[in-house]
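Heads up, the thing below is written out as structure tokens.
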Amino acid sequence: MDSKKNAKKIIKKAKPEKIKEEPLVLQTLRGMKDILPIDQPYWEQVRRISERLARDYGFSRLDTPIVEFANLFSRSIGEGTDIVEKEMYTFLTRGADKVALRPELTAGNCRSYIQHGMNLLPKPVKIFSTGPVYRYDRPQEGRYREHYQVNFDAFGEQDPILDAQIIQLAHRLVQTFGIKTAQMQINSIGCQICRKDYKELLVNYLDSKKTKLCQDCRRRIETNPLRVLDCKEDKCSQVAALAPQSVDHLCEDCRNHFKTLLEYLDELDLPYIINPHLVRGLDYYTKTVFEILSSAEEGKKLSLGGGGRYDKLIKIMGGEDTPAIGFAIGVERIVAEMKRVQAKPYKPPRPKVFLAQLGNLAKKKSLKLFSELERNGILTAESFGRGSLKSQLKVANRLKVEFTLILGQKETLDGTVIVKNMATGAQETVSADKLIDLVKKKIKADNVVVYHN
RNA sequence: GCGGUCAUCGUCUAGCGGCUAAGACAUCGGUUUGUGGUACCGAGAAUCUGGGUCCGAUUCCCAGUGACCGCCCCA
């Protein structure tokens, strides 16, 4: 590079008004959302319950990367599906790898299962995972380009008792979130063999009724005939109502599997609805599929979660033939539903003590005192930046603490602290070295949580 | 990816060609110097972005952006 050019560059940099900078857009990207502090108690509740039930049902946590090779998803979810066809965040890296942001969690879990030889672990291998997934579609309520899923997968067990247990877990999760009215819908879409036969039968039927279907459904006969079954158009659902149903055309193995599953569910007294039109959007499902619907008014029912068996997926991906089943819930939708039905969010522990300081000397000492309180498990609030005792008491009052510790100039010199009972207003002066024990005694023991010492 | 509705302080709303853009809630400060509530007083805080019409645009028109709704699909 010649020196003239360099000189020019330097001159340019010296004149900032010449540099055209993109304006800062203070806005989340389309379909992306901040999870604000005000909403965190709901999220925390979902996290805590999910983690507890995962543990109780024997699931181990697995975290996989958000970014994977793009074809991991296209192969497993299905090339023809909408998720892969038009909703994936796919891009080339600097190293020219074709990668994608994960649109769901199961594919990555399967990859990890095969990569790390988890087939050698005792079966079933139960995997719990949670995190954000990405789909580039048009946002609306309950649908985001980034959303969080809580996901459960179990590998290596084909007995329908596992299907029943997984469905029970899904049901129990939603119940425990406080959503009592959600509806469990179940169907069996058969295995590769009987589904193929059934598809032929269905296509024949639909072709014969082609004139009575909407435009979209006529197209779907070719692309995805199963989807015609849950079209919302009146005329289509009339055709669908008389269409052959997959449950009536299962092979013997699939029929027995489904029958046994239903027996287990009945034994559990788990309420469910068999929806012969329930079809899921991912190609890898076999046999059992299920979905949990919110109880919102008709037409506004959103799926809170869903899943099913995917007995051939591991083999398709190159692992040894391994039956598997799993499901995911959408956290944003769960949170929205919890709010709608007024389910209780997580209630974080509130400080019972407020530390007020007055004067420069006391202000200096207050930081250390606060730290000592914290170390002793006494959850303490403060507002050190405020000057007047009045304004600090105002904050203490608003926080509804039981006691305010007042450290002023005089107390600091005497080595004492005032303990003020906020309910009665009564005050006592105690020596600083007895303060911790006294406060511990005054507040209830269950509010003292020591993490370390 | 297609169609529709909408867009004012942090939040909820008012104004609808002529502003210094109004109010409530919230926030912060104050009502005498070391004590909470209420009340009262005060402060900060907004017309999404870019064009166009007009003497003049927050208001009307167009585009962009975003939110929401319907489809498609999905959690």
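Here, A, B, ... name the chains of the structure tokens in the order displayed, residue numbers run from 1 inside each chain, and ligands are numbered from 1 in the same displayed order.
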
Define the interface residues of chain A facing chain B as those within 9 Å, counting only C-alpha atoms (C1' of nucleotides), and report them as a VMD selection string.
chain A and resid 27 29 to 30 82 to 83 86 137 to 138 140 to 143 147 to 149 281 302 to 306 328 to 333 358 388 to 398 408 422 425

Could you write out, as a ChimeraX atom specification, all the residues of stretch 131-377 of chain A that DSSP marks as alpha helix (DSSP H)?
/A:160-176,192-208,215-223,234-241,252-267,313-316,331-340,360-375

Residue neighbourhood A:Glu411, 9 Å, only C-alpha atoms (C1' of nucleotides), exclusion window fewer than 6 positions, as a list in words:
Ala362, Val417, Ile418, Thr429, Ser431 and Ala432 of chain A

Quick one: write out the picked residues with N, CA and C atoms as a PDB file, in the first residue's frame?
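Final output, saved to again21.pdb:
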```pdb
ATOM      1  N   ALA A 362     -20.425   6.672  58.988  1.00  0.00           N
ATOM      2  CA  ALA A 362     -21.334   5.532  58.972  1.00  0.00           C
ATOM      3  C   ALA A 362     -21.444   4.954  57.565  1.00  0.00           C
ATOM      4  N   VAL A 417     -25.518  -0.229  66.988  1.00  0.00           N
ATOM      5  CA  VAL A 417     -26.436  -0.089  65.863  1.00  0.00           C
ATOM      6  C   VAL A 417     -27.849  -0.002  66.431  1.00  0.00           C
ATOM      7  N   ILE A 418     -28.681   0.851  65.854  1.00  0.00           N
ATOM      8  CA  ILE A 418     -30.081   0.906  66.279  1.00  0.00           C
ATOM      9  C   ILE A 418     -30.873  -0.120  65.490  1.00  0.00           C
ATOM     10  N   THR A 429     -30.989  -0.006  71.013  1.00  0.00           N
ATOM     11  CA  THR A 429     -29.600   0.155  70.603  1.00  0.00           C
ATOM     12  C   THR A 429     -28.819  -1.065  71.076  1.00  0.00           C
ATOM     13  N   SER A 431     -25.085  -3.487  70.772  1.00  0.00           N
ATOM     14  CA  SER A 431     -23.674  -3.362  70.426  1.00  0.00           C
ATOM     15  C   SER A 431     -23.417  -4.114  69.122  1.00  0.00           C
ATOM     16  N   ALA A 432     -22.520  -3.566  68.332  1.00  0.00           N
ATOM     17  CA  ALA A 432     -22.328  -4.061  66.961  1.00  0.00           C
ATOM     18  C   ALA A 432     -21.947  -5.535  66.926  1.00  0.00           C
TER      19      ALA A 432
END
```

Considering only strand (DSSP E or B) as DSSP defines it on the backbone, what residues of stretch 101-244 of chain A qualify? List them as a ChimeraX atom specification.
/A:101,125-134,140,143,146-155,183-188

At a cut-off of 10 Å, using only C-alpha atoms (C1' of nucleotides), what residues contact A:Ser294? Leave out same-chain residues fewer than 4 positions from it and give the result as an MDAnalysis selection string.
chainID A and resid 174 179:184 298 300:305 333:334 337

If we count only C-alpha atoms (C1' of nucleotides), what is near stretch 202-218 of chain A at a cut-off of 12 Å, once residues fewer than 3 positions away on the same chain are taken out, given as an NGL selection string?
(:A and (195-199 or 221-246 or 248-249)) or (:B and (71-72))

Mind writing the picked residues with N, CA and C atoms (P, O5', C5', C4', C3', O3' and C1' of nucleotides) as a compact mmCIF listing (two decimals), in the first residue's frame?
```
# COMPACT_ATOMS: atom_id res chain seq x y z
N ARG A 195 -47.66 -46.29 7.61
CA ARG A 195 -47.98 -44.92 7.22
C ARG A 195 -47.97 -44.78 5.71
N LYS A 196 -47.05 -45.49 5.07
CA LYS A 196 -46.96 -45.41 3.63
C LYS A 196 -48.26 -45.94 3.00
N ASP A 197 -48.72 -47.08 3.51
CA ASP A 197 -49.96 -47.65 3.00
C ASP A 197 -51.12 -46.70 3.25
N TYR A 198 -51.14 -46.15 4.45
CA TYR A 198 -52.24 -45.25 4.81
C TYR A 198 -52.23 -44.00 3.94
N LYS A 199 -51.03 -43.48 3.70
CA LYS A 199 -50.92 -42.27 2.87
C LYS A 199 -51.53 -42.52 1.49
N ILE A 221 -52.39 -32.30 -1.20
CA ILE A 221 -52.52 -33.72 -1.54
C ILE A 221 -51.18 -34.25 -2.03
N GLU A 222 -50.49 -33.41 -2.79
CA GLU A 222 -49.17 -33.80 -3.29
C GLU A 222 -48.10 -33.65 -2.20
N THR A 223 -48.08 -32.49 -1.57
CA THR A 223 -46.95 -32.17 -0.70
C THR A 223 -47.03 -32.83 0.67
N ASN A 224 -48.19 -32.77 1.29
CA ASN A 224 -48.31 -33.27 2.65
C ASN A 224 -49.76 -33.62 2.95
N PRO A 225 -50.22 -34.75 2.40
CA PRO A 225 -51.66 -35.07 2.47
C PRO A 225 -52.19 -35.12 3.90
N LEU A 226 -51.33 -35.49 4.87
CA LEU A 226 -51.83 -35.60 6.24
C LEU A 226 -52.35 -34.25 6.77
N ARG A 227 -51.77 -33.20 6.24
CA ARG A 227 -52.14 -31.87 6.73
C ARG A 227 -53.55 -31.45 6.32
N VAL A 228 -54.06 -32.06 5.27
CA VAL A 228 -55.43 -31.75 4.85
C VAL A 228 -56.38 -32.04 6.01
N LEU A 229 -56.00 -33.02 6.83
CA LEU A 229 -56.89 -33.47 7.90
C LEU A 229 -57.14 -32.40 8.96
N ASP A 230 -56.17 -31.48 9.15
CA ASP A 230 -56.48 -30.46 10.15
C ASP A 230 -56.60 -29.06 9.55
N CYS A 231 -57.01 -29.00 8.28
CA CYS A 231 -57.31 -27.72 7.65
C CYS A 231 -58.53 -27.12 8.35
N LYS A 232 -58.52 -25.79 8.51
CA LYS A 232 -59.63 -25.17 9.24
C LYS A 232 -60.80 -24.79 8.34
N GLU A 233 -60.57 -24.87 7.04
CA GLU A 233 -61.67 -24.56 6.11
C GLU A 233 -62.83 -25.54 6.35
N ASP A 234 -64.04 -24.97 6.37
CA ASP A 234 -65.23 -25.79 6.64
C ASP A 234 -65.35 -26.97 5.68
N LYS A 235 -65.26 -26.65 4.38
CA LYS A 235 -65.47 -27.70 3.40
C LYS A 235 -64.41 -28.79 3.52
N CYS A 236 -63.20 -28.38 3.87
CA CYS A 236 -62.13 -29.37 4.00
C CYS A 236 -62.36 -30.27 5.21
N SER A 237 -62.78 -29.65 6.33
CA SER A 237 -62.97 -30.50 7.51
C SER A 237 -64.13 -31.46 7.31
N GLN A 238 -65.09 -31.07 6.43
CA GLN A 238 -66.17 -32.01 6.10
C GLN A 238 -65.62 -33.22 5.35
N VAL A 239 -64.72 -32.94 4.43
CA VAL A 239 -64.08 -34.04 3.71
C VAL A 239 -63.23 -34.86 4.66
N ALA A 240 -62.51 -34.15 5.54
CA ALA A 240 -61.60 -34.82 6.46
C ALA A 240 -62.36 -35.74 7.42
N ALA A 241 -63.55 -35.30 7.80
CA ALA A 241 -64.32 -36.07 8.77
C ALA A 241 -64.60 -37.49 8.28
N LEU A 242 -64.78 -37.63 6.97
CA LEU A 242 -65.10 -38.95 6.42
C LEU A 242 -63.87 -39.67 5.85
N ALA A 243 -62.74 -39.02 5.97
CA ALA A 243 -61.52 -39.59 5.41
C ALA A 243 -61.10 -40.81 6.22
N PRO A 244 -60.38 -41.72 5.58
CA PRO A 244 -59.83 -42.84 6.34
C PRO A 244 -58.88 -42.30 7.41
N GLN A 245 -58.94 -42.91 8.59
CA GLN A 245 -58.12 -42.41 9.69
C GLN A 245 -56.92 -43.32 9.93
N SER A 246 -55.83 -42.69 10.28
CA SER A 246 -54.60 -43.47 10.42
C SER A 246 -54.75 -44.55 11.49
N ASP A 248 -57.12 -46.40 12.08
CA ASP A 248 -57.82 -47.59 11.58
C ASP A 248 -56.95 -48.39 10.61
N HIS A 249 -55.80 -47.86 10.26
CA HIS A 249 -54.99 -48.53 9.25
C HIS A 249 -53.57 -48.78 9.73
P C B 71 -56.61 -18.38 11.06
O5' C B 71 -55.76 -18.34 9.71
C5' C B 71 -56.22 -19.01 8.59
C4' C B 71 -55.41 -18.72 7.34
C3' C B 71 -54.30 -19.72 7.06
O3' C B 71 -54.82 -20.94 6.58
C1' C B 71 -53.56 -17.55 6.56
P C B 72 -54.25 -22.28 7.23
O5' C B 72 -52.72 -22.25 6.77
C5' C B 72 -52.38 -22.41 5.41
C4' C B 72 -50.90 -22.25 5.22
C3' C B 72 -50.04 -23.12 6.14
O3' C B 72 -49.92 -24.45 5.68
C1' C B 72 -49.23 -20.91 6.15
```

Applying 12 Å and only C-alpha atoms (C1' of nucleotides), which residues near stretch 260-269 of chain A remain after dropping the ones on its own chain fewer than 2 positions away? List them as a ChimeraX atom specification.
/A:158-169,171-172,184-188,253-258,271-274,287-290

Would you output that residue set with C-alpha atoms, as an mmCIF file, in the first residue's frame?
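Saved as out12.cif:
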```cif
data_model
loop_
_atom_site.group_PDB
_atom_site.id
_atom_site.type_symbol
_atom_site.label_atom_id
_atom_site.label_comp_id
_atom_site.auth_asym_id
_atom_site.auth_seq_id
_atom_site.Cartn_x
_atom_site.Cartn_y
_atom_site.Cartn_z
ATOM 1 C CA GLN A 158 -39.625 -49.156 22.605
ATOM 2 C CA ASP A 159 -42.110 -50.388 25.205
ATOM 3 C CA PRO A 160 -45.270 -48.246 25.167
ATOM 4 C CA ILE A 161 -45.011 -47.914 28.919
ATOM 5 C CA LEU A 162 -42.362 -45.302 28.225
ATOM 6 C CA ASP A 163 -44.786 -43.439 25.951
ATOM 7 C CA ALA A 164 -47.239 -43.431 28.818
ATOM 8 C CA GLN A 165 -44.678 -42.212 31.292
ATOM 9 C CA ILE A 166 -43.514 -39.444 28.979
ATOM 10 C CA ILE A 167 -47.076 -38.322 28.396
ATOM 11 C CA GLN A 168 -47.675 -38.440 32.114
ATOM 12 C CA LEU A 169 -44.592 -36.295 32.654
ATOM 13 C CA HIS A 171 -49.201 -33.681 31.776
ATOM 14 C CA ARG A 172 -47.689 -33.415 35.221
ATOM 15 C CA MET A 184 -53.977 -33.679 26.069
ATOM 16 C CA GLN A 185 -54.517 -34.881 22.521
ATOM 17 C CA ILE A 186 -53.114 -38.146 21.287
ATOM 18 C CA ASN A 187 -52.861 -39.971 18.004
ATOM 19 C CA SER A 188 -50.822 -42.655 16.335
ATOM 20 C CA ASP A 253 -47.405 -53.838 15.786
ATOM 21 C CA CYS A 254 -48.412 -50.174 15.715
ATOM 22 C CA ARG A 255 -51.999 -50.972 16.640
ATOM 23 C CA ASN A 256 -50.929 -53.002 19.645
ATOM 24 C CA HIS A 257 -48.501 -50.313 20.685
ATOM 25 C CA PHE A 258 -51.212 -47.672 20.587
ATOM 26 C CA PRO A 271 -57.513 -37.413 30.734
ATOM 27 C CA TYR A 272 -56.845 -37.394 26.993
ATOM 28 C CA ILE A 273 -58.623 -37.009 23.719
ATOM 29 C CA ILE A 274 -57.829 -39.163 20.730
ATOM 30 C CA LYS A 287 -46.384 -44.165 16.092
ATOM 31 C CA THR A 288 -47.345 -42.043 19.096
ATOM 32 C CA VAL A 289 -47.808 -38.305 18.699
ATOM 33 C CA PHE A 290 -49.355 -35.969 21.256
#
```

For B:C41: contacts at 12 Å, only C-alpha atoms (C1' of nucleotides), fewer than 5 positions along chain excluded, given as a ChimeraX atom specification
/B:29-31

Residues from the last selection, C-alpha atoms (C1' of nucleotides), saved as a CSV table (one decimal), in the first residue's frame:
```csv
chain,number,residue,atom,x,y,z
B,29,G,C1',-36.5,15.7,45.0
B,30,G,C1',-38.7,18.9,48.8
B,31,U,C1',-42.4,20.4,53.0
```
